[in-house]
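Okay, final.txt now, which holds compact mmCIF, N, CA and C atoms:
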```txt
# COMPACT_ATOMS: atom_id res chain seq x y z
N MET A 1 27.57 17.87 22.63
CA MET A 1 26.65 17.99 21.51
C MET A 1 27.37 17.54 20.23
N ALA A 2 26.70 16.71 19.44
CA ALA A 2 27.29 16.19 18.21
C ALA A 2 27.24 17.24 17.10
N LYS A 3 28.14 17.08 16.15
CA LYS A 3 28.19 18.01 15.03
C LYS A 3 26.88 17.94 14.24
N GLY A 4 26.25 19.08 14.00
CA GLY A 4 25.02 19.11 13.22
C GLY A 4 23.75 19.03 14.05
N ASP A 5 23.87 19.00 15.38
CA ASP A 5 22.68 18.92 16.24
C ASP A 5 21.73 20.10 16.04
N ILE A 6 22.29 21.31 16.02
CA ILE A 6 21.46 22.50 15.86
C ILE A 6 20.80 22.48 14.48
N VAL A 7 21.55 22.11 13.47
CA VAL A 7 21.02 22.03 12.11
C VAL A 7 19.85 21.05 12.08
N GLU A 8 20.04 19.87 12.67
CA GLU A 8 18.99 18.86 12.67
C GLU A 8 17.73 19.37 13.36
N ARG A 9 17.89 20.00 14.52
CA ARG A 9 16.73 20.50 15.26
C ARG A 9 16.00 21.60 14.51
N VAL A 10 16.73 22.53 13.90
CA VAL A 10 16.11 23.63 13.16
C VAL A 10 15.35 23.11 11.94
N VAL A 11 16.00 22.27 11.15
CA VAL A 11 15.36 21.73 9.94
C VAL A 11 14.14 20.90 10.32
N SER A 12 14.26 20.04 11.32
CA SER A 12 13.16 19.21 11.76
C SER A 12 11.97 20.06 12.21
N TYR A 13 12.23 21.09 12.98
CA TYR A 13 11.18 21.98 13.48
C TYR A 13 10.42 22.64 12.33
N ILE A 14 11.17 23.19 11.37
CA ILE A 14 10.55 23.88 10.23
C ILE A 14 9.72 22.92 9.39
N ILE A 15 10.30 21.77 9.04
CA ILE A 15 9.60 20.81 8.18
C ILE A 15 8.33 20.31 8.85
N LYS A 16 8.42 19.97 10.14
CA LYS A 16 7.25 19.45 10.85
C LYS A 16 6.13 20.48 10.93
N ALA A 17 6.48 21.77 10.93
CA ALA A 17 5.47 22.82 10.98
C ALA A 17 4.75 22.97 9.63
N ILE A 18 5.38 22.54 8.55
CA ILE A 18 4.84 22.71 7.21
C ILE A 18 3.93 21.56 6.78
N VAL A 19 4.29 20.34 7.15
CA VAL A 19 3.63 19.15 6.60
C VAL A 19 2.31 18.79 7.30
N ASP A 20 1.53 17.93 6.62
CA ASP A 20 0.28 17.42 7.19
C ASP A 20 0.53 16.28 8.16
N GLU A 21 1.60 15.51 7.91
CA GLU A 21 1.91 14.35 8.75
C GLU A 21 3.29 14.51 9.39
N PRO A 22 3.38 15.29 10.48
CA PRO A 22 4.69 15.54 11.10
C PRO A 22 5.35 14.29 11.68
N ASP A 23 4.56 13.26 12.01
CA ASP A 23 5.14 12.03 12.55
C ASP A 23 5.93 11.25 11.51
N GLU A 24 5.69 11.54 10.23
CA GLU A 24 6.37 10.83 9.14
C GLU A 24 7.69 11.50 8.74
N VAL A 25 8.02 12.63 9.35
CA VAL A 25 9.22 13.38 8.99
C VAL A 25 10.44 12.77 9.68
N THR A 26 11.50 12.53 8.88
CA THR A 26 12.78 12.13 9.46
C THR A 26 13.87 13.05 8.89
N VAL A 27 14.73 13.51 9.77
CA VAL A 27 15.86 14.34 9.37
C VAL A 27 17.12 13.65 9.88
N THR A 28 17.99 13.26 8.94
CA THR A 28 19.23 12.57 9.28
C THR A 28 20.39 13.46 8.88
N VAL A 29 21.29 13.72 9.81
CA VAL A 29 22.46 14.55 9.50
C VAL A 29 23.63 13.64 9.14
N VAL A 30 24.20 13.87 7.96
CA VAL A 30 25.32 13.08 7.46
C VAL A 30 26.53 13.99 7.33
N GLU A 31 27.66 13.57 7.91
CA GLU A 31 28.89 14.36 7.79
C GLU A 31 29.48 14.17 6.40
N GLN A 32 29.79 15.30 5.75
CA GLN A 32 30.38 15.27 4.41
C GLN A 32 31.87 15.56 4.44
N GLY A 33 32.34 16.06 5.55
CA GLY A 33 33.75 16.41 5.69
C GLY A 33 33.99 16.89 7.10
N PRO A 34 35.18 17.40 7.37
CA PRO A 34 35.49 17.83 8.75
C PRO A 34 34.59 18.97 9.25
N ASP A 35 34.18 19.86 8.35
CA ASP A 35 33.36 21.00 8.77
C ASP A 35 32.10 21.14 7.92
N GLU A 36 31.56 20.02 7.45
CA GLU A 36 30.40 20.09 6.57
C GLU A 36 29.42 18.96 6.87
N VAL A 37 28.14 19.31 6.95
CA VAL A 37 27.10 18.30 7.14
C VAL A 37 25.97 18.54 6.14
N VAL A 38 25.21 17.48 5.87
CA VAL A 38 24.02 17.58 5.03
C VAL A 38 22.87 16.95 5.80
N ALA A 39 21.76 17.68 5.90
CA ALA A 39 20.56 17.16 6.55
C ALA A 39 19.70 16.52 5.46
N GLU A 40 19.47 15.22 5.58
CA GLU A 40 18.64 14.50 4.62
C GLU A 40 17.22 14.45 5.17
N VAL A 41 16.28 15.01 4.40
CA VAL A 41 14.89 15.13 4.84
C VAL A 41 14.02 14.13 4.08
N ARG A 42 13.25 13.36 4.84
CA ARG A 42 12.26 12.45 4.25
C ARG A 42 10.91 12.77 4.86
N THR A 43 9.86 12.80 4.01
CA THR A 43 8.51 13.07 4.49
C THR A 43 7.54 12.03 3.92
N ALA A 44 6.28 12.11 4.35
CA ALA A 44 5.24 11.27 3.75
C ALA A 44 5.12 11.68 2.27
N LYS A 45 4.67 10.74 1.44
CA LYS A 45 4.59 10.98 -0.02
C LYS A 45 3.93 12.31 -0.38
N GLY A 46 2.75 12.57 0.17
CA GLY A 46 1.99 13.76 -0.21
C GLY A 46 2.57 15.07 0.30
N ASP A 47 3.49 15.01 1.25
CA ASP A 47 4.01 16.23 1.86
C ASP A 47 5.24 16.80 1.17
N MET A 48 5.92 16.03 0.32
CA MET A 48 7.17 16.51 -0.27
C MET A 48 6.94 17.75 -1.13
N GLY A 49 5.86 17.78 -1.88
CA GLY A 49 5.56 18.96 -2.70
C GLY A 49 5.39 20.20 -1.86
N ARG A 50 4.75 20.03 -0.72
CA ARG A 50 4.53 21.15 0.21
C ARG A 50 5.87 21.64 0.77
N VAL A 51 6.78 20.72 1.04
CA VAL A 51 8.09 21.07 1.60
C VAL A 51 8.95 21.81 0.57
N ILE A 52 8.86 21.40 -0.69
CA ILE A 52 9.66 22.04 -1.73
C ILE A 52 9.05 23.39 -2.12
N GLY A 53 7.72 23.45 -2.20
CA GLY A 53 7.04 24.71 -2.48
C GLY A 53 7.08 25.11 -3.94
N ARG A 54 6.33 26.15 -4.25
CA ARG A 54 6.31 26.66 -5.62
C ARG A 54 7.67 27.18 -6.01
N ARG A 55 8.15 26.69 -7.14
CA ARG A 55 9.46 27.08 -7.67
C ARG A 55 10.59 26.89 -6.66
N GLY A 56 10.38 25.99 -5.70
CA GLY A 56 11.43 25.67 -4.73
C GLY A 56 11.65 26.73 -3.66
N ARG A 57 10.69 27.63 -3.50
CA ARG A 57 10.88 28.73 -2.54
C ARG A 57 11.00 28.25 -1.10
N VAL A 58 10.14 27.30 -0.71
CA VAL A 58 10.18 26.80 0.66
C VAL A 58 11.50 26.05 0.90
N ALA A 59 11.89 25.23 -0.07
CA ALA A 59 13.15 24.48 0.05
C ALA A 59 14.32 25.44 0.19
N LYS A 60 14.29 26.52 -0.58
CA LYS A 60 15.37 27.51 -0.51
C LYS A 60 15.42 28.16 0.88
N ALA A 61 14.26 28.45 1.45
CA ALA A 61 14.20 29.05 2.78
C ALA A 61 14.71 28.08 3.84
N VAL A 62 14.36 26.80 3.70
CA VAL A 62 14.83 25.78 4.64
C VAL A 62 16.35 25.67 4.57
N ARG A 63 16.89 25.69 3.35
CA ARG A 63 18.34 25.64 3.18
C ARG A 63 19.03 26.85 3.82
N ALA A 64 18.41 28.02 3.69
CA ALA A 64 18.98 29.23 4.28
C ALA A 64 18.99 29.12 5.81
N ALA A 65 17.91 28.60 6.39
CA ALA A 65 17.85 28.43 7.84
C ALA A 65 18.88 27.40 8.30
N ALA A 66 19.04 26.32 7.54
CA ALA A 66 20.03 25.29 7.89
C ALA A 66 21.44 25.87 7.82
N SER A 67 21.69 26.69 6.82
CA SER A 67 22.99 27.32 6.67
C SER A 67 23.30 28.22 7.86
N ALA A 68 22.29 28.99 8.29
CA ALA A 68 22.47 29.87 9.46
C ALA A 68 22.72 29.05 10.72
N ALA A 69 21.99 27.94 10.87
CA ALA A 69 22.19 27.06 12.02
C ALA A 69 23.59 26.46 11.99
N GLY A 70 24.07 26.11 10.81
CA GLY A 70 25.42 25.58 10.67
C GLY A 70 26.47 26.60 11.06
N GLU A 71 26.25 27.85 10.66
CA GLU A 71 27.18 28.91 11.03
C GLU A 71 27.26 29.06 12.55
N GLU A 72 26.13 28.86 13.21
CA GLU A 72 26.09 28.93 14.68
C GLU A 72 27.01 27.87 15.29
N GLU A 73 27.13 26.73 14.59
CA GLU A 73 27.99 25.63 15.06
C GLU A 73 29.40 25.72 14.49
N GLY A 74 29.62 26.65 13.56
CA GLY A 74 30.94 26.77 12.94
C GLY A 74 31.17 25.75 11.84
N ILE A 75 30.08 25.30 11.21
CA ILE A 75 30.19 24.33 10.12
C ILE A 75 29.37 24.81 8.92
N THR A 76 29.56 24.16 7.78
CA THR A 76 28.76 24.42 6.59
C THR A 76 27.66 23.36 6.56
N ALA A 77 26.42 23.81 6.33
CA ALA A 77 25.30 22.87 6.34
C ALA A 77 24.48 22.99 5.06
N GLY A 78 24.04 21.84 4.56
CA GLY A 78 23.17 21.80 3.39
C GLY A 78 21.97 20.93 3.70
N VAL A 79 20.99 20.95 2.79
CA VAL A 79 19.78 20.13 2.97
C VAL A 79 19.49 19.41 1.67
N GLU A 80 19.17 18.11 1.78
CA GLU A 80 18.73 17.32 0.62
C GLU A 80 17.35 16.78 0.93
N PHE A 81 16.45 16.86 -0.05
CA PHE A 81 15.10 16.34 0.11
C PHE A 81 15.00 15.03 -0.65
N LEU A 82 14.76 13.94 0.09
CA LEU A 82 14.76 12.60 -0.49
C LEU A 82 13.37 11.98 -0.47
N ASP A 83 13.09 11.20 -1.51
CA ASP A 83 11.79 10.48 -1.56
C ASP A 83 11.83 9.26 -0.68
```

Can you dump the structure from the file as structure tokens?
Amino acid sequence: MAKGDIVERVVSYIIKAIVDEPDEVTVTVVEQGPDEVVAEVRTAKGDMGRVIGRRGRVAKAVRAAASAAGEEEGITAGVEFLD
């Protein structure tokens, strides 16, 4: 299993459950260091607001889930939401 696999699967699952167009969701895991990854999330134009949520609450929850998934793998994980 590659580094960040669990993080990618968890983030992808959550985001696809939230958006209107789950087929447009892409989650790319980028290594930032020996024990750190960042999941880059891209969605359809209209779905990004839904993913970030009011005052960033949904985004914060997604980051918390990614962090927990990273801990399961013994790495630090973050999430970036890209247009």

Nearest candidate to Val11 (chain A) (options A:Asp83, A:Ala66, A:Asp47, A:Ala77; using only N, CA and C atoms):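 The closest residue to Val11 (chain A) is A:Ala66.
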
A:Thr26, A:Thr43, A:Ser67, A:Gln32 ranked by distance to Val7 (chain A), top pick (using all atoms listed in the file):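 Residue with the minimum atom-to-atom distance to Val7 (chain A): A:Ser67.
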
Counting only C-alpha atoms, the residue of A:Val19, A:Leu82, A:Ala2, A:Val10 that sits nearest Val51 (chain A):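 The shortest atom-to-atom distance to Val51 (chain A) comes from A:Val19.
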
Separation of atom C of Glu71 (chain A) from atom N of Gly33 (chain A) in Å: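 So the answer is 15.6 Å.
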
Strand (DSSP E or B) positions in chain A, given as a ChimeraX atom specification: /A:26-33,36-42,76-82

Straight-line distance linking CA of Gly70 (chain A) with CA of Met48 (chain A), stated in Å to one decimal: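 Spanning CA of Gly70 (chain A) to CA of Met48 (chain A) is a straight-line distance of 23.1 Å.
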
Length of the CA of Arg9 (chain A) to CA of Gly56 (chain A) vector [Å]: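 Separation of CA of Arg9 (chain A) and CA of Gly56 (chain A): 21.3 Å.
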
DSSP alpha helix (DSSP H) residues within chain A, as number ranges by chain: A: 5-18, 48-52, 57-73

Test item: residues at most 10 Å from Ala39 (chain A), only C-alpha atoms, excluding those fewer than 2 positions along its chain, as number ranges by chain: A: 4, 7-8, 11-12, 26-31, 37, 41-42, 63, 66, 77-81

Residue with smallest distance to Ile18 (chain A) - pool A:Arg55, A:Arg50, A:Lys60, A:Lys3, counting only C-alpha atoms: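 When distances to Ile18 (chain A) are compared using only C-alpha atoms, the smallest one comes from A:Arg50.
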
Among the residues A:Val25, A:Ala69, A:Ala17, A:Val62, the one that comes closest to Lys45 (chain A) [using only C-alpha atoms]: A:Val25
